[in-house]
Amino acid sequence: MECSQCRPVEQKEKRRRFRGFENAEPVRMVLVGNPNVGRSVLFNQLTGAHQIIGNWPGKAADVMSGRLVFEGALIELIDLPGTYSLASESVEDKKVLAFLTGHEVDVMINVVDSTFLERNLALSLELLSLDIPTVIALNMIDRAESQGLTIDSASIEKEIGVPVVQTSGLKGIGVTALIRQALATAGRNDRKPRPMFHTAPIERAIGPLRDDITSSFPASNANHLTERLLLGDKSAESTVSASRPDLVGKAAAVRKKLEREMEDDISSIVASDRYALAASIVKGSTKRTGKDVMTLEEKVHGVLTHRVYGLLCLALIAGASFFSLFLLGDFFATMMVNWFNSLHPSFISLFGDPKLGEFFWGGVLGGLISVVSIVLPYLIPFFILLSILEESGYISRAAFVMDNILHRIGLHGKAFFPLLLGYSCNVPACLGCRMLETERERVLAIFAVTLIPCAATSIVVLGLVGTYVGIWWVIGLFLFNLIIVAVLTRVAYSILPGEPTALIMEMPPMRKPSVKITLKQTWFRVKDFIVIAVPLLIVLGIILGALQYLGMFGAISELMSPVTVWWLGLPAFAGILLIFGIMRKELTLLLLGTVAGTQNFASVMTDDQMIVFTLVVMLYIPCIATIGVLVKEIGAKRAAFITVFEIGFAILVGGIAVRLLSLF
């Protein structure tokens with residue numbers, strides 16, 4: 001990396017590296033830009049933080065912060081979520097606007113993709129209306145040059161009125177110059193103001209309104225306040241109406257005049273106008289050389305996004321991926337289970353009381369053993385594959401291809417890979433739904449994800465039905481689950497208030513995945529899972545071990561018998577399994593031998609009972625860790641509703657299934 005003067009300030013070395021900065025206020029720099037322009041790469045390069053770099057829009061859903069020391073200056077670097085416009089109603093865009101207008105920012109680094117300048121500079125013009133000291137980073141400049149694009153930075157700087165630095169975050173090009181320029185610009189507002197933020201016709205229409213706002217509200221950002229007022233923003237109208245209510249009416253009159261003359265709504269007029277101004281800047285500052293021929297990347301892109309070939313490629317990639325995942329997962333899971341089983345007798349012999357030994361083995365260590373031997377063998381290969389697909393740029397193309405299909409059941413195309421991730425683990429899959437723009441889309445996607453059988457549930461399906469009933473029943477159960485997901489999601493789509501959104505997403509360039517980045521992403525995803533799930537699983541494992549040690553399984557089974565025996569037609573001991581399956585789905589299989597008193601499950605359950613039991617396990621809420629994530633992502637009330645609904649629905653379907661099976 002070129003920026004050798006940048007030193008991340010790590011928590012464990014905070015005291016030593018802060019020496020000399022105890023009373024210093026850090027220079028606050030904020031990274032802002034469109035999705036997928038390399039903000040996270042720059043952030044990680046500079047701060048040493050390990051934010052996951054996903055090659056699809058909307059990945060950085062949270063505000064990230066880190067610190068570094070550069071040439072004697074303490075810097076606080078903040079990475080805001082990617083945004084296409086400050087006027088958008090999406091959660092991320094609102095978060096960006098709220099941060100920029102509600103926090104003190106010393107300098108804003110507007111990161112733009114040099115290969116898509118027109119779209120990126122449209123956002124730059126909007127950001128400049130905030131009157132925050134700004135530096136523009138023309139990122140991915142190496143890629144632009146490889147495409148035969150020559151960019152005159154000085155020309156753009158002259159047109160926009162702020163410093164422009166050419167950078168490549170991946171290669172470290174221009175990073176030192178960028179931070180040095182940002183420090184020089186921080187806190188300064190002496191840049192030459194742009195004469196216009198819009199084309200001449202729009203400027204003439206809103207100029208008098210801006211003049212009134214400038215004179216009446218000298219402490220405000222007049223350009224930004226004028227535009228928000230023109231767009232009918234309620235908070236802007238509230239600010240202005242307190243002392244100048246006439247300006248609200250004046251803005252409405254200008255709005256109606258423009259909409260009448262241009263025969264469009266004001267949001268589209270303003271956005272189109274900004275793009276037109278950006279296009280004129282790009283035209284005067286760029287030059288393309290070389291022949292206009294279709295590259296290999298463009299040909300591959302055409303195949304992957306084709307309405308027919310794209311679906312075939314997706315089916316082949318998904319099929320090959322999951323076939324490989326289950327082969328690898330089964331191999332490593334079997335190996336780890338056998339290894340832990342070989343340790344079991346020696347561990348029990350350490351205790352004088354075998355019952356006490358079983359308590360520590362199954363209770364205190366049970367959760368950790370389950371994660372290491374059953375969950376991680378499937379989870380790690382999946383995360384490696386997901387990281388490869390992300391970084392290669394394929395995820396956006398798969399989402400594009402799946403958009404029409406998913407829209408039929410009420411989901412957004414971007415929900416495809418959270419759903420795919422759900423087959424590995426519902427916890428990171430729910431977190432992955434943050435990429436969706438609106439709260440409505442996120443709630444629908446999270447609801448669908450919780451209906452997907454995770455790796456632990458798949459283990460139950462394969463270990464019980466696959467072993468004792470047959471592989472065709474396994475395939476049938478998974479297909480039935482897909483039908484349930486489609487039907488329930490469509491019903492939720494019809495009930496949940498709000499309007500659906502169209503798929504608007506950038507197609508990132510396809511590139512060769514980096515082994516280093518792939519392994520880093522995999523490690524941090526696995527670490528997040530361990531941090532969220534393992535402590536909870538260990539605590540619940542201790543509770544489970546204590547109940548078993550105290551001999552309370554029989555009483556619990558008797559209490560559950562009206563549901564398990566009468567309605568579901570299962571053995572009485574199934575109640576214990578279903579209760580603790582809420583804690584960890586794999587416990588339903590792991591405990592079966594314990595509560596049934598045998599490892600030959602066919603001797604205690606019929607084929608019909610195995611099918612019904614597995615169906616119920618597939619459909620009810622994944623686990624307690626998923627419930628915790630639901631509370632965090634969509635709130636306690638919605639989390640409680642989904643949990644109660646899915647448990648009730650699973651029991652209802654299970655009871656119907658046992659009666660249908662008895663007929664055939």
# chains A, B, ... in the order shown; residues from 1 in each chain; ligands from 1
$ select_by_dssp --residues "region 104-157 of chain A" --states "helix (DSSP H, G or I)" --output "list in words"
Ser114, Thr115, Phe116, Leu117, Glu118, Arg119, Asn120, Leu121, Ala122, Leu123, Ser124, Leu125, Glu126, Leu127, Leu128, Ile141, Asp142, Arg143, Ala144, Glu145, Ser146, Ser153, Ala154, Ser155, Ile156 and Glu157 of chain A
$ closest_residue --among "A:Thr199, A:Ser155, A:Thr226, A:Ser129" --to "Thr101 (chain A)" --atoms "only C-alpha atoms"
A:Ser129
$ closest_residue --among "A:Phe447, A:Pro453, A:Phe332, A:Val240" --to "Gly422 (chain A)" --atoms "only C-alpha atoms"
A:Pro453
$ closest_residue --among "A:Leu80, A:Val465, A:Ile656, A:Val300" --to "Leu477 (chain A)" --atoms "only C-alpha atoms"
A:Val465
$ residues_around --residues "Val460 (chain A)" --least-positions-apart "2" --cutoff "12 Å" --atoms "only C-alpha atoms" --output "MDAnalysis selection string"
chainID A and resid 374:375 453:458 462:468 474 477 577 581 584:592 610:611 613:618
$ write_last_selection --atoms "C-alpha atoms" --output "mmCIF file, in the first residue's frame"
data_model
loop_
_atom_site.group_PDB
_atom_site.id
_atom_site.type_symbol
_atom_site.label_atom_id
_atom_site.label_comp_id
_atom_site.auth_asym_id
_atom_site.auth_seq_id
_atom_site.Cartn_x
_atom_site.Cartn_y
_atom_site.Cartn_z
ATOM 1 C CA ILE A 374 -22.041 -30.129 12.859
ATOM 2 C CA VAL A 375 -22.492 -26.436 12.009
ATOM 3 C CA PRO A 453 -34.121 -24.865 6.375
ATOM 4 C CA CYS A 454 -30.618 -24.021 7.583
ATOM 5 C CA ALA A 455 -27.656 -26.410 7.607
ATOM 6 C CA ALA A 456 -28.601 -27.686 11.087
ATOM 7 C CA THR A 457 -32.167 -28.384 9.902
ATOM 8 C CA SER A 458 -30.841 -30.075 6.755
ATOM 9 C CA LEU A 462 -30.774 -36.038 5.974
ATOM 10 C CA GLY A 463 -29.925 -37.830 9.218
ATOM 11 C CA LEU A 464 -33.473 -38.973 9.963
ATOM 12 C CA VAL A 465 -35.588 -39.104 6.797
ATOM 13 C CA GLY A 466 -32.651 -39.626 4.453
ATOM 14 C CA THR A 467 -31.269 -42.498 6.511
ATOM 15 C CA TYR A 468 -34.468 -44.339 7.450
ATOM 16 C CA VAL A 474 -35.858 -35.787 1.450
ATOM 17 C CA LEU A 477 -39.668 -32.276 1.876
ATOM 18 C CA LEU A 577 -36.900 -32.510 21.136
ATOM 19 C CA GLY A 581 -35.012 -27.531 18.908
ATOM 20 C CA ARG A 584 -30.676 -25.385 18.462
ATOM 21 C CA LYS A 585 -32.250 -27.286 15.566
ATOM 22 C CA GLU A 586 -29.526 -29.934 15.528
ATOM 23 C CA LEU A 587 -30.481 -30.788 19.117
ATOM 24 C CA THR A 588 -33.631 -32.474 17.827
ATOM 25 C CA LEU A 589 -31.438 -35.125 16.238
ATOM 26 C CA LEU A 590 -28.658 -35.118 18.806
ATOM 27 C CA LEU A 591 -31.104 -35.612 21.687
ATOM 28 C CA LEU A 592 -33.223 -38.222 19.932
ATOM 29 C CA MET A 610 -40.151 -39.413 11.062
ATOM 30 C CA ILE A 611 -41.622 -37.484 8.125
ATOM 31 C CA PHE A 613 -41.408 -34.788 12.940
ATOM 32 C CA THR A 614 -38.934 -33.571 10.308
ATOM 33 C CA LEU A 615 -41.596 -31.436 8.604
ATOM 34 C CA VAL A 616 -42.405 -29.676 11.884
ATOM 35 C CA VAL A 617 -38.693 -29.125 12.562
ATOM 36 C CA MET A 618 -38.283 -27.594 9.080
#
$ closest_residue --among "A:Ile281, A:Ala205, A:Leu431, A:Asn221" --to "Ala253 (chain A)" --atoms "only C-alpha atoms"
A:Ala205
$ residues_around --residues "Met560 (chain A)" --least-positions-apart "2" --cutoff "9 Å" --atoms "only C-alpha atoms" --output "list in words"
Ala555, Ile556, Ser557, Glu558, Pro562, Val563, Thr564, Val565, Ala572, Phe573, Ala574, Gly575 and Ile576 of chain A
$ residues_around --residues "Val107 (chain A)" --least-positions-apart "6" --cutoff "6 Å" --atoms "only C-alpha atoms" --output "list of chain:residue names"
A:Met29, A:Pro133, A:Thr134, A:Ala186
$ write_last_selection --atoms "N, CA and C atoms" --output "CSV table (one decimal), in the first residue's frame"
chain,number,residue,atom,x,y,z
A,29,MET,N,-13.1,12.8,9.0
A,29,MET,CA,-13.3,12.6,7.6
A,29,MET,C,-14.4,11.6,7.3
A,133,PRO,N,-16.7,21.1,3.5
A,133,PRO,CA,-15.4,21.0,2.7
A,133,PRO,C,-15.3,19.6,2.1
A,134,THR,N,-15.0,19.5,0.9
A,134,THR,CA,-15.0,18.3,0.1
A,134,THR,C,-13.8,18.0,-0.7
A,186,ALA,N,-9.7,20.1,5.3
A,186,ALA,CA,-10.6,20.0,6.4
A,186,ALA,C,-10.8,21.3,7.1
$ atom_distance --atom1 "CA of Leu368 (chain A)" --atom2 "CA of Ser349 (chain A)"
20.1 Å
$ atom_distance --atom1 "CA of Asn110 (chain A)" --atom2 "CA of Ser280 (chain A)"
19.3 Å
$ atom_distance --atom1 "CA of Leu130 (chain A)" --atom2 "CA of Met262 (chain A)"
26.5 Å
$ select_by_dssp --residues "region 66-192 of chain A" --states "strand (DSSP E or B)" --output "VMD selection string"
chain A and resid 66 to 70 73 to 79 107 to 113 134 to 139 149 to 151 164 to 166 168 173
$ residues_around --residues "Ala236 (chain A)" --least-positions-apart "5" --cutoff "12 Å" --atoms "only C-alpha atoms" --output "ChimeraX atom specification"
/A:213,217,220-222,224-231,241-242,244-245,247-248,251
$ write_last_selection --atoms "C-alpha atoms" --output "PDB file, in the first residue's frame"
ATOM      1  CA  ILE A 213     -33.777  31.672   1.623  1.00  0.00           C
ATOM      2  CA  PHE A 217     -31.696  31.987   6.749  1.00  0.00           C
ATOM      3  CA  SER A 220     -28.363  27.537   6.676  1.00  0.00           C
ATOM      4  CA  ASN A 221     -27.090  25.697   3.600  1.00  0.00           C
ATOM      5  CA  ALA A 222     -29.203  27.705   1.189  1.00  0.00           C
ATOM      6  CA  HIS A 224     -29.626  22.312   0.073  1.00  0.00           C
ATOM      7  CA  LEU A 225     -32.568  23.923   1.881  1.00  0.00           C
ATOM      8  CA  THR A 226     -33.887  25.336  -1.403  1.00  0.00           C
ATOM      9  CA  GLU A 227     -33.827  21.959  -3.089  1.00  0.00           C
ATOM     10  CA  ARG A 228     -35.446  20.169  -0.144  1.00  0.00           C
ATOM     11  CA  LEU A 229     -38.165  22.815  -0.073  1.00  0.00           C
ATOM     12  CA  LEU A 230     -38.683  22.462  -3.820  1.00  0.00           C
ATOM     13  CA  LEU A 231     -39.070  18.680  -3.415  1.00  0.00           C
ATOM     14  CA  SER A 241     -42.561  28.143   7.898  1.00  0.00           C
ATOM     15  CA  ALA A 242     -41.538  29.106  11.449  1.00  0.00           C
ATOM     16  CA  ARG A 244     -41.188  32.733   6.532  1.00  0.00           C
ATOM     17  CA  PRO A 245     -44.360  30.697   5.810  1.00  0.00           C
ATOM     18  CA  LEU A 247     -41.652  30.689   1.159  1.00  0.00           C
ATOM     19  CA  VAL A 248     -43.439  27.351   1.418  1.00  0.00           C
ATOM     20  CA  ALA A 251     -41.669  26.829  -3.437  1.00  0.00           C
TER      21      ALA A 251
END
$ closest_residue --among "A:Leu31, A:Leu277, A:Ile582, A:Leu488" --to "Val644 (chain A)" --atoms "only C-alpha atoms"
A:Ile582
$ decode --residues "region 175-225 of chain A" --atoms "N, CA and C atoms" --output "compact mmCIF listing (two decimals), in the first residue's frame"
# COMPACT_ATOMS: atom_id res chain seq x y z
N VAL A 175 -3.47 7.14 -2.43
CA VAL A 175 -4.09 7.19 -1.11
C VAL A 175 -3.42 8.23 -0.22
N THR A 176 -2.08 8.27 -0.26
CA THR A 176 -1.36 9.28 0.53
C THR A 176 -1.75 10.69 0.10
N ALA A 177 -1.79 10.92 -1.22
CA ALA A 177 -2.16 12.24 -1.73
C ALA A 177 -3.58 12.60 -1.34
N LEU A 178 -4.47 11.62 -1.32
CA LEU A 178 -5.86 11.87 -0.95
C LEU A 178 -5.98 12.32 0.49
N ILE A 179 -5.34 11.60 1.42
CA ILE A 179 -5.43 11.96 2.84
C ILE A 179 -4.75 13.30 3.10
N ARG A 180 -3.62 13.53 2.42
CA ARG A 180 -2.92 14.81 2.59
C ARG A 180 -3.81 15.97 2.12
N GLN A 181 -4.48 15.77 0.98
CA GLN A 181 -5.37 16.82 0.46
C GLN A 181 -6.58 17.01 1.36
N ALA A 182 -7.10 15.90 1.92
CA ALA A 182 -8.24 15.99 2.81
C ALA A 182 -7.90 16.76 4.07
N LEU A 183 -6.69 16.54 4.61
CA LEU A 183 -6.25 17.29 5.79
C LEU A 183 -6.11 18.77 5.48
N ALA A 184 -5.61 19.07 4.28
CA ALA A 184 -5.45 20.48 3.89
C ALA A 184 -6.80 21.16 3.69
N THR A 185 -7.80 20.36 3.29
CA THR A 185 -9.13 20.92 3.02
C THR A 185 -10.01 20.97 4.25
N ALA A 186 -9.70 20.13 5.26
CA ALA A 186 -10.55 19.99 6.44
C ALA A 186 -10.83 21.33 7.11
N GLY A 187 -12.09 21.58 7.38
CA GLY A 187 -12.47 22.79 8.10
C GLY A 187 -12.50 24.04 7.26
N ARG A 188 -12.06 23.93 6.01
CA ARG A 188 -12.04 25.13 5.16
C ARG A 188 -13.31 25.23 4.34
N ASN A 189 -13.78 26.41 4.19
CA ASN A 189 -14.93 26.63 3.33
C ASN A 189 -14.65 27.79 2.37
N ASP A 190 -13.35 27.86 1.98
CA ASP A 190 -12.97 28.98 1.12
C ASP A 190 -12.87 28.56 -0.34
N ARG A 191 -13.44 27.39 -0.69
CA ARG A 191 -13.41 26.99 -2.08
C ARG A 191 -14.27 27.95 -2.91
N LYS A 192 -13.92 28.01 -4.16
CA LYS A 192 -14.70 28.87 -5.06
C LYS A 192 -16.07 28.25 -5.26
N PRO A 193 -17.13 28.94 -4.89
CA PRO A 193 -18.46 28.33 -5.00
C PRO A 193 -18.85 28.08 -6.45
N ARG A 194 -19.54 26.99 -6.66
CA ARG A 194 -20.03 26.71 -8.01
C ARG A 194 -21.07 27.75 -8.39
N PRO A 195 -21.01 28.24 -9.62
CA PRO A 195 -22.02 29.21 -10.04
C PRO A 195 -23.40 28.58 -10.16
N MET A 196 -23.44 27.27 -10.49
CA MET A 196 -24.73 26.60 -10.65
C MET A 196 -24.65 25.17 -10.13
N PHE A 197 -25.74 24.71 -9.57
CA PHE A 197 -25.87 23.31 -9.21
C PHE A 197 -26.88 22.62 -10.12
N HIS A 198 -27.44 23.38 -11.07
CA HIS A 198 -28.41 22.84 -12.02
C HIS A 198 -28.15 23.49 -13.39
N THR A 199 -28.82 22.97 -14.40
CA THR A 199 -28.73 23.58 -15.72
C THR A 199 -29.45 24.93 -15.70
N ALA A 200 -29.20 25.72 -16.73
CA ALA A 200 -29.71 27.10 -16.75
C ALA A 200 -31.23 27.21 -16.58
N PRO A 201 -32.06 26.40 -17.26
CA PRO A 201 -33.52 26.56 -17.10
C PRO A 201 -33.99 26.34 -15.66
N ILE A 202 -33.46 25.32 -15.01
CA ILE A 202 -33.86 25.04 -13.63
C ILE A 202 -33.30 26.12 -12.70
N GLU A 203 -32.09 26.54 -12.98
CA GLU A 203 -31.46 27.57 -12.15
C GLU A 203 -32.25 28.87 -12.19
N ARG A 204 -32.73 29.21 -13.37
CA ARG A 204 -33.53 30.45 -13.49
C ARG A 204 -34.83 30.33 -12.69
N ALA A 205 -35.41 29.14 -12.66
CA ALA A 205 -36.69 28.95 -11.98
C ALA A 205 -36.54 29.03 -10.46
N ILE A 206 -35.46 28.46 -9.94
CA ILE A 206 -35.34 28.38 -8.47
C ILE A 206 -34.42 29.45 -7.89
N GLY A 207 -33.74 30.24 -8.77
CA GLY A 207 -32.82 31.27 -8.29
C GLY A 207 -33.44 32.26 -7.32
N PRO A 208 -34.60 32.86 -7.66
CA PRO A 208 -35.22 33.82 -6.73
C PRO A 208 -35.58 33.19 -5.39
N LEU A 209 -36.03 31.93 -5.40
CA LEU A 209 -36.36 31.24 -4.15
C LEU A 209 -35.11 31.08 -3.30
N ARG A 210 -33.99 30.70 -3.94
CA ARG A 210 -32.74 30.55 -3.19
C ARG A 210 -32.29 31.89 -2.61
N ASP A 211 -32.45 32.96 -3.36
CA ASP A 211 -32.05 34.28 -2.86
C ASP A 211 -32.84 34.64 -1.60
N ASP A 212 -34.15 34.35 -1.60
CA ASP A 212 -34.97 34.63 -0.43
C ASP A 212 -34.52 33.80 0.77
N ILE A 213 -34.21 32.55 0.54
CA ILE A 213 -33.78 31.67 1.62
C ILE A 213 -32.42 32.12 2.15
N THR A 214 -31.53 32.52 1.26
CA THR A 214 -30.19 32.98 1.68
C THR A 214 -30.29 34.20 2.58
N SER A 215 -31.18 35.15 2.22
CA SER A 215 -31.31 36.36 3.02
C SER A 215 -32.06 36.12 4.33
N SER A 216 -33.01 35.18 4.31
CA SER A 216 -33.81 34.93 5.51
C SER A 216 -33.17 33.94 6.46
N PHE A 217 -32.34 33.02 5.93
CA PHE A 217 -31.70 31.99 6.75
C PHE A 217 -30.21 31.95 6.43
N PRO A 218 -29.47 32.98 6.83
CA PRO A 218 -28.05 33.09 6.47
C PRO A 218 -27.19 31.97 7.06
N ALA A 219 -27.64 31.35 8.15
CA ALA A 219 -26.83 30.30 8.79
C ALA A 219 -27.07 28.93 8.17
N SER A 220 -28.02 28.84 7.26
CA SER A 220 -28.36 27.54 6.68
C SER A 220 -27.59 27.30 5.39
N ASN A 221 -27.62 26.03 4.92
CA ASN A 221 -27.09 25.70 3.60
C ASN A 221 -28.19 26.03 2.59
N ALA A 222 -28.10 27.20 2.01
CA ALA A 222 -29.20 27.70 1.19
C ALA A 222 -29.49 26.80 -0.01
N ASN A 223 -28.45 26.29 -0.66
CA ASN A 223 -28.66 25.44 -1.83
C ASN A 223 -29.42 24.17 -1.45
N HIS A 224 -28.99 23.56 -0.35
CA HIS A 224 -29.63 22.31 0.07
C HIS A 224 -31.05 22.57 0.56
N LEU A 225 -31.24 23.62 1.35
CA LEU A 225 -32.57 23.92 1.88
C LEU A 225 -33.53 24.27 0.75
